[in-house]
file input_22.txt (compact mmCIF, C-alpha atoms)
# COMPACT_ATOMS: atom_id res chain seq x y z
CA MET A 89 -26.82 13.07 0.55
CA LEU A 90 -28.16 9.51 0.61
CA ILE A 91 -29.96 8.69 -2.60
CA LEU A 92 -31.66 5.30 -2.43
CA LYS A 93 -32.87 4.80 -6.00
CA ILE A 94 -32.70 6.37 -9.43
CA ARG A 95 -35.47 5.17 -11.71
CA LYS A 96 -35.41 4.81 -15.47
CA MET A 97 -31.62 5.20 -15.95
CA ASN A 98 -31.19 1.63 -17.14
CA ARG A 99 -34.07 2.14 -19.56
CA PHE A 100 -32.13 5.05 -21.10
CA TYR A 101 -28.69 3.48 -21.21
CA GLY A 102 -29.26 -0.25 -21.01
CA GLY A 103 -26.33 -2.40 -20.03
CA ARG A 104 -23.85 0.49 -19.99
CA LEU A 105 -24.74 1.18 -16.37
CA SER A 106 -24.38 -2.40 -15.27
CA SER A 107 -20.74 -1.79 -14.34
CA THR A 108 -18.96 1.28 -13.02
CA PRO A 109 -17.09 3.22 -15.74
CA PRO A 110 -13.29 3.54 -15.32
CA VAL A 111 -12.93 7.16 -14.20
CA THR A 112 -15.67 6.94 -11.59
CA LYS A 113 -14.29 3.63 -10.36
CA ASN A 114 -10.70 4.87 -10.17
CA LEU A 115 -11.67 8.11 -8.44
CA ILE A 116 -13.42 6.08 -5.74
CA ILE A 117 -10.41 3.76 -5.41
CA ILE A 118 -7.96 6.65 -5.11
CA ASN A 119 -10.04 8.36 -2.44
CA VAL A 120 -10.38 5.17 -0.41
CA VAL A 121 -6.65 4.39 -0.72
CA MET A 122 -5.74 7.90 0.43
CA LEU A 123 -7.98 7.57 3.49
CA LEU A 124 -6.35 4.25 4.38
CA LEU A 125 -2.89 5.77 3.90
CA ALA A 126 -3.82 8.70 6.13
CA MET A 127 -4.95 6.28 8.86
CA LEU A 128 -1.78 4.21 8.42
CA PHE A 129 0.56 7.21 8.57
CA GLN A 130 -1.22 8.55 11.64
CA ARG A 131 -1.03 5.22 13.47
CA MET A 132 2.48 4.13 12.48
CA PHE A 133 4.40 7.40 12.08
CA ASN A 134 2.18 9.93 13.90
CA VAL A 135 2.03 11.93 10.67
CA ASN A 136 -1.16 13.80 9.81
CA LEU A 137 -1.44 13.52 6.03
CA ASN A 138 -4.46 15.81 6.02
CA GLY A 139 -2.16 18.49 7.40
CA VAL A 140 0.18 17.98 4.44
CA LEU A 141 -2.24 17.30 1.57
CA GLY A 142 -5.31 19.16 2.85
CA MET A 143 -5.79 22.71 1.59
CA PHE A 144 -4.97 25.64 3.87
CA PHE A 145 -5.92 29.25 3.31
CA PHE A 146 -3.45 30.68 0.80
CA GLN A 147 -2.10 33.24 3.30
CA SER A 148 -1.42 30.55 5.89
CA PRO A 149 2.23 29.54 6.37
CA LEU A 150 1.11 25.93 5.92
CA PHE A 151 -0.31 26.49 2.44
CA LYS A 152 1.41 24.71 -0.46
CA PRO A 153 0.35 24.96 -4.14
CA TRP A 154 -0.21 21.21 -4.55
CA GLN A 155 -2.90 21.29 -1.86
CA ILE A 156 -5.31 22.86 -4.36
CA VAL A 157 -5.44 19.45 -6.06
CA THR A 158 -4.55 16.96 -3.33
CA HIS A 159 -7.22 18.14 -0.88
CA MET A 160 -9.87 16.65 -3.20
CA PHE A 161 -8.59 13.15 -2.43
CA MET A 162 -8.38 13.46 1.35
CA HIS A 163 -11.22 12.95 3.83
CA GLY A 164 -11.89 13.44 7.51
CA GLY A 165 -13.16 9.94 8.28
CA LEU A 166 -15.33 7.04 7.19
CA GLY A 167 -18.62 8.92 7.31
CA HIS A 168 -17.20 11.78 5.29
CA ILE A 169 -15.85 9.58 2.51
CA PHE A 170 -18.85 7.24 2.45
CA PHE A 171 -21.39 9.89 1.53
CA ASN A 172 -19.07 11.54 -1.00
CA MET A 173 -18.14 8.30 -2.74
CA TYR A 174 -21.69 6.95 -2.68
CA ALA A 175 -22.96 10.11 -4.39
CA LEU A 176 -20.06 9.99 -6.87
CA TRP A 177 -20.89 6.38 -7.70
CA ILE A 178 -24.63 7.00 -8.08
CA PHE A 179 -24.38 10.10 -10.26
CA GLY A 180 -20.88 9.86 -11.67
CA LYS A 181 -21.35 6.55 -13.47
CA THR A 182 -24.39 7.95 -15.27
CA LEU A 183 -22.60 11.11 -16.37
CA GLU A 184 -19.51 9.21 -17.47
CA SER A 185 -21.67 6.85 -19.51
CA VAL A 186 -23.25 9.83 -21.26
CA TRP A 187 -20.22 12.11 -21.66
CA GLY A 188 -17.41 9.62 -21.94
CA SER A 189 -14.52 9.22 -19.54
CA LYS A 190 -12.37 12.13 -20.77
CA ARG A 191 -15.06 14.78 -20.52
CA PHE A 192 -16.27 13.47 -17.18
CA LEU A 193 -12.76 13.57 -15.71
CA ILE A 194 -12.25 17.12 -16.98
CA TYR A 195 -15.57 18.16 -15.47
CA TYR A 196 -14.87 16.48 -12.13
CA LEU A 197 -11.44 18.08 -11.73
CA ALA A 198 -12.64 21.48 -12.99
CA THR A 199 -15.49 21.64 -10.49
CA GLY A 200 -13.18 20.48 -7.70
CA LEU A 201 -10.69 23.23 -8.55
CA GLY A 202 -13.54 25.72 -8.93
CA ALA A 203 -14.80 24.79 -5.48
CA ALA A 204 -11.31 25.37 -4.07
CA PHE A 205 -11.09 28.77 -5.74
CA PHE A 206 -14.51 29.82 -4.47
CA HIS A 207 -13.65 28.62 -0.95
CA GLN A 208 -10.41 30.59 -0.96
CA LEU A 209 -12.18 33.69 -2.27
CA VAL A 210 -14.88 33.58 0.39
CA ASN A 211 -12.29 33.01 3.11
CA TYR A 212 -10.26 35.95 1.83
CA ILE A 213 -13.30 38.20 2.10
CA GLN A 214 -14.24 36.77 5.48
CA PHE A 215 -10.73 36.95 6.94
CA ALA A 216 -9.85 40.41 5.57
CA PRO A 217 -10.48 42.33 8.84
CA GLU A 218 -8.54 39.80 10.95
CA ILE A 219 -5.64 39.74 8.51
CA ALA A 220 -5.45 43.54 8.55
CA ALA A 221 -5.48 43.54 12.37
CA LEU A 222 -2.86 40.80 12.42
CA LYS A 223 -0.54 42.78 10.17
CA GLY A 224 -1.02 45.77 12.43
CA ALA A 225 -0.10 43.77 15.55
CA TYR A 226 2.93 41.89 14.17
CA SER A 227 5.75 42.78 11.85
CA VAL A 228 5.82 41.01 8.48
CA ASP A 229 8.81 38.94 9.55
CA ARG A 230 7.02 37.67 12.66
CA ILE A 231 3.55 36.90 11.31
CA ASN A 232 4.28 33.32 10.25
CA TYR A 233 6.08 32.57 13.52
CA ALA A 234 3.22 34.09 15.48
CA LEU A 235 0.65 32.05 13.57
CA LEU A 236 2.47 28.81 14.28
CA ASN A 237 3.24 29.55 17.90
CA GLU A 238 1.90 32.55 19.82
CA ILE A 239 -1.51 32.96 18.17
CA LEU A 240 -2.49 29.33 18.68
CA GLN A 241 -2.11 29.72 22.44
CA PRO A 242 -5.46 30.13 24.23
CA GLY A 243 -5.93 33.68 25.41
CA ASN A 244 -4.30 35.32 22.40
CA GLN A 245 -6.55 37.92 20.78
CA PHE A 246 -6.24 36.14 17.43
CA TYR A 247 -6.71 32.62 18.78
CA GLN A 248 -10.04 31.82 17.08
CA PHE A 249 -8.89 33.35 13.82
CA GLY A 250 -5.61 31.46 14.03
CA ARG A 251 -7.44 28.15 14.44
CA GLU A 252 -9.48 28.87 11.31
CA LEU A 253 -6.40 29.87 9.38
CA MET A 254 -4.48 26.75 10.38
CA ARG A 255 -7.26 24.24 9.73
CA PRO A 256 -7.04 22.33 6.43
CA THR A 257 -9.97 21.78 4.11
CA VAL A 258 -10.31 18.21 2.83
CA GLY A 259 -12.81 16.25 0.78
CA ALA A 260 -14.23 15.65 -2.67
CA SER A 261 -17.48 17.41 -1.78
CA GLY A 262 -16.96 20.38 -4.11
CA ALA A 263 -16.51 18.10 -7.13
CA VAL A 264 -19.33 15.81 -5.98
CA TYR A 265 -21.72 18.75 -5.72
CA GLY A 266 -20.64 19.67 -9.24
CA VAL A 267 -21.53 16.13 -10.34
CA LEU A 268 -24.92 16.43 -8.66
CA LEU A 269 -25.52 19.73 -10.46
CA ALA A 270 -24.65 18.14 -13.80
CA PHE A 271 -27.03 15.26 -13.21
CA GLY A 272 -29.81 17.70 -12.39
CA MET A 273 -29.16 19.68 -15.57
CA LEU A 274 -28.96 16.65 -17.87
CA PHE A 275 -31.79 14.67 -16.27
CA PRO A 276 -33.96 17.32 -14.57
CA ASN A 277 -37.12 15.24 -14.34
CA THR A 278 -35.56 11.99 -13.14
CA PRO A 279 -37.26 10.94 -9.87
CA LEU A 280 -34.87 10.47 -6.95
CA TYR A 281 -35.66 8.84 -3.65
CA ILE A 282 -34.08 10.16 -0.46
CA MET A 283 -34.03 8.35 2.86
CA PHE A 284 -36.94 9.18 5.17
CA ILE A 285 -38.86 10.90 2.34
CA PRO A 286 -41.49 8.51 0.92
CA ILE A 287 -42.18 10.42 -2.28
CA PRO A 288 -39.78 10.93 -5.22
CA ILE A 289 -38.19 14.30 -5.86
CA LYS A 290 -37.26 15.43 -9.35
CA ALA A 291 -33.53 15.90 -9.80
CA LYS A 292 -33.85 19.59 -10.69
CA TRP A 293 -35.66 20.38 -7.42
CA LEU A 294 -33.14 18.38 -5.44
CA VAL A 295 -30.28 20.34 -6.98
CA ILE A 296 -31.99 23.67 -6.35
CA GLY A 297 -32.73 22.62 -2.78
CA PHE A 298 -29.15 21.61 -2.08
CA GLY A 299 -27.83 24.82 -3.61
CA ALA A 300 -30.18 26.97 -1.53
CA LEU A 301 -29.32 25.01 1.62
CA GLU A 302 -25.57 25.42 1.09
CA LEU A 303 -26.00 29.16 0.53
CA PHE A 304 -28.08 29.49 3.70
CA LEU A 305 -25.67 27.43 5.80
CA GLY A 306 -22.65 29.21 4.36
CA ILE A 307 -24.07 32.56 5.46
CA THR A 308 -25.45 31.51 8.84
CA GLN A 309 -22.72 29.06 9.89
CA SER A 310 -19.52 30.70 8.69
CA GLY A 311 -16.45 29.45 10.47
CA GLY A 312 -17.84 25.93 10.93
CA SER A 313 -16.12 22.70 10.02
CA ILE A 314 -18.05 22.26 6.74
CA ALA A 315 -16.98 24.27 3.68
CA HIS A 316 -20.46 25.18 2.46
CA PHE A 317 -19.21 27.75 -0.03
CA ALA A 318 -16.87 25.16 -1.55
CA HIS A 319 -19.93 23.00 -2.23
CA LEU A 320 -21.69 25.96 -3.75
CA GLY A 321 -18.58 26.82 -5.75
CA GLY A 322 -18.50 23.35 -7.29
CA MET A 323 -22.10 23.77 -8.42
CA ILE A 324 -21.50 27.26 -9.81
CA PHE A 325 -18.42 26.26 -11.80
CA GLY A 326 -20.22 23.16 -13.03
CA PHE A 327 -23.18 25.20 -14.23
CA PHE A 328 -21.05 27.57 -16.30
CA LEU A 329 -18.89 24.78 -17.68
CA ILE A 330 -21.95 22.86 -18.86
CA ARG A 331 -23.43 26.01 -20.40
CA TYR A 332 -20.14 26.64 -22.20
CA TRP A 333 -19.94 23.07 -23.52
CA ASN A 334 -23.57 23.16 -24.60
CA LYS A 335 -22.87 26.08 -26.92
CA PHE A 336 -20.45 24.03 -28.99
CA THR A 337 -22.00 20.54 -28.81
CA GLN A 338 -25.37 20.04 -30.48
CA ASN A 339 -25.92 16.57 -29.01
CA PHE A 340 -24.63 17.45 -25.55
CA TYR A 341 -27.79 16.18 -23.87

call {"tool": "encode", "arguments": {"input": "input_22.txt", "output": "structure tokens"}}
result
Amino acid sequence: MLILKIRKMNRFYGGRLSSTPPVTKNLIIINVVMLLLAMLFQRMFNVNLNGVLGMFFFQSPLFKPWQIVTHMFMHGGLGHIFFNMYALWIFGKTLESVWGSKRFLIYYLATGLGAAFFHQLVNYIQFAPEIAALKGAYSVDRINYALLNEILQPGNQFYQFGRELMRPTVGASGAVYGVLLAFGMLFPNTPLYIMFIPIPIKAKWLVIGFGALELFLGITQSGGSIAHFAHLGGMIFGFFLIRYWNKFTQNFY
């Protein structure tokens, strides 16, 4: 998601966009610091922070409640964090300037949590047959041991499923997609320029295109390393939250 230019924003909001608002700035700082800490812990202590703070499927023995929040501040590498933070900076500073810091922070966290919920729900539906088969093959007392040991051995009938179940989800993408959705709803006709496309695309069409693409990829590439339904979940939760706010705020736009 590499947006090169947003026209007319400064005309609307003048000098307010000349500097990055506090919530957007601090979210970017926190995400960058957490990536650096993850690299440091891996190098110095051989500790995988993504395996501690990333979010596992809720029926995995590695799942912890705090992961629902902490996974939003972890990333899989420089490329992963660059695109997320660049999009957050481009769109987030505009939304925060319009909404104010408090509302923007609430929206960001709500869409991130909504993305996590949607991701867990889709995984629950997707994993239901494997979980039923797993419970039929192992006693309740041995399932967690089997997941951590036997099932992760190549050749086990549940090996592929076990790898999916034991792989953490990390990244701010769900919240960032929610931010993109909000920008498209508040400024639907703003022209956006995307790399390699010489003509501008209105924000509303970009949002619709990204939503349709995530739905298509989520259906056709289930089990991949990208949580497409988490992205879609962030957009869905963002849409309903904005609609709810708009009912009670006359000057919302």

call {"tool": "closest_atom_pairs", "arguments": {"input": "input_22.txt", "of": "range 157-230 of chain A", "to": "range 105-119 of chain A", "cutoff": "10 Å", "atoms": "all atoms listed in the file", "output": "tab-separated table"}}
result
residue	atom	partner	partner_atom	distance
A:Met160	CA	A:Asn119	CA	8.3
A:Phe161	CA	A:Asn119	CA	5.0
A:Met162	CA	A:Asn119	CA	6.6
A:His163	CA	A:Asn119	CA	7.9
A:Ile169	CA	A:Asn119	CA	7.7
A:Phe170	CA	A:Ile116	CA	9.9
A:Asn172	CA	A:Ile116	CA	9.2
A:Met173	CA	A:Ile116	CA	6.0
A:Tyr174	CA	A:Ile116	CA	8.9
A:Leu176	CA	A:Thr112	CA	7.1
A:Trp177	CA	A:Thr112	CA	6.5
A:Ile178	CA	A:Thr108	CA	9.4
A:Phe179	CA	A:Thr112	CA	9.4
A:Gly180	CA	A:Thr112	CA	6.0
A:Lys181	CA	A:Thr108	CA	5.8
A:Thr182	CA	A:Leu105	CA	6.9
A:Leu183	CA	A:Thr112	CA	9.4
A:Glu184	CA	A:Pro109	CA	6.7
A:Ser185	CA	A:Pro109	CA	7.0
A:Gly188	CA	A:Pro109	CA	8.9
A:Ser189	CA	A:Val111	CA	5.9
A:Lys190	CA	A:Val111	CA	8.3
A:Phe192	CA	A:Val111	CA	7.7
A:Leu193	CA	A:Val111	CA	6.6
A:Tyr196	CA	A:Thr112	CA	9.6

call {"tool": "closest_residue", "arguments": {"input": "input_22.txt", "among": "A:Leu305, A:Leu274, A:Ala263, A:Leu123", "to": "Asn136 in chain A", "atoms": "all atoms listed in the file"}}
result
A:Leu123

call {"tool": "residues_around", "arguments": {"input": "input_22.txt", "residues": "Ala126 in chain A", "least_positions_apart": "4", "cutoff": "8 Å", "atoms": "only C-alpha atoms", "output": "CSV table (one decimal) with C-alpha atoms, in the frame of the given file"}}
result
chain,number,residue,atom,x,y,z
A,122,MET,CA,-5.7,7.9,0.4
A,130,GLN,CA,-1.2,8.6,11.6
A,136,ASN,CA,-1.2,13.8,9.8
A,137,LEU,CA,-1.4,13.5,6.0
A,138,ASN,CA,-4.5,15.8,6.0

call {"tool": "axis_aligned_box", "arguments": {"input": "input_22.txt", "around": "range 170-182 of chain A", "padding_each_side": "4 Å", "output": "AutoDock Vina command-line options"}}
result
--center_x -21.4 --center_y 9.0 --center_z -6.4 --size_x 14.5 --size_y 13.2 --size_z 25.7

call {"tool": "closest_residue", "arguments": {"input": "input_22.txt", "among": "A:Ile156, A:Met283, A:Leu320, A:Leu236", "to": "Gly297 in chain A", "atoms": "all atoms listed in the file"}}
result
A:Leu320

call {"tool": "atom_distance", "arguments": {"input": "input_22.txt", "atom1": "CA of Phe151 in chain A", "atom2": "CA of Ala204 in chain A"}}
result
12.8 Å

call {"tool": "closest_residue", "arguments": {"input": "input_22.txt", "among": "A:Ala300, A:Val264, A:Val295, A:Ile285", "to": "Gly202 in chain A", "atoms": "all atoms listed in the file"}}
result
A:Val264

call {"tool": "closest_residue", "arguments": {"input": "input_22.txt", "among": "A:Trp154, A:Phe145, A:Phe205, A:Phe304", "to": "Thr257 in chain A", "atoms": "only C-alpha atoms"}}
result
A:Phe145

call {"tool": "closest_residue", "arguments": {"input": "input_22.txt", "among": "A:Phe129, A:Gly224, A:Leu141, A:Val135", "to": "Arg255 in chain A", "atoms": "only C-alpha atoms"}}
result
A:Leu141

call {"tool": "residues_around", "arguments": {"input": "input_22.txt", "residues": "Ile314 in chain A", "least_positions_apart": "6", "cutoff": "10 Å", "atoms": "only C-alpha atoms", "output": "PDB file with C-alpha atoms, in the coordinates of the input"}}
result
ATOM      1  CA  THR A 257      -9.970  21.780   4.110  1.00  0.00           C
ATOM      2  CA  VAL A 258     -10.310  18.210   2.830  1.00  0.00           C
ATOM      3  CA  GLY A 259     -12.810  16.250   0.780  1.00  0.00           C
ATOM      4  CA  SER A 261     -17.480  17.410  -1.780  1.00  0.00           C
ATOM      5  CA  GLU A 302     -25.570  25.420   1.090  1.00  0.00           C
ATOM      6  CA  LEU A 305     -25.670  27.430   5.800  1.00  0.00           C
ATOM      7  CA  GLY A 306     -22.650  29.210   4.360  1.00  0.00           C
TER       8      GLY A 306
END

call {"tool": "residues_around", "arguments": {"input": "input_22.txt", "residues": "Ile219 in chain A", "least_positions_apart": "6", "cutoff": "12 Å", "atoms": "all atoms listed in the file", "output": "list in words"}}
result
Phe145, Gln147, Ser148, Asn211, Tyr212, Ile213, Ala225, Tyr226, Val228, Ile231, Asn232, Leu235, Phe246, Phe249, Gly250, Glu252 and Leu253 of chain A

call {"tool": "atom_distance", "arguments": {"input": "input_22.txt", "atom1": "CA of Met127 in chain A", "atom2": "CA of His159 in chain A"}}
result
15.5 Å

call {"tool": "atom_distance", "arguments": {"input": "input_22.txt", "atom1": "CA of Thr158 in chain A", "atom2": "CA of Leu269 in chain A"}}
result
22.3 Å

call {"tool": "closest_residue", "arguments": {"input": "input_22.txt", "among": "A:Gly200, A:Gly165, A:Pro149, A:Pro256", "to": "Ala234 in chain A", "atoms": "all atoms listed in the file"}}
result
A:Pro149
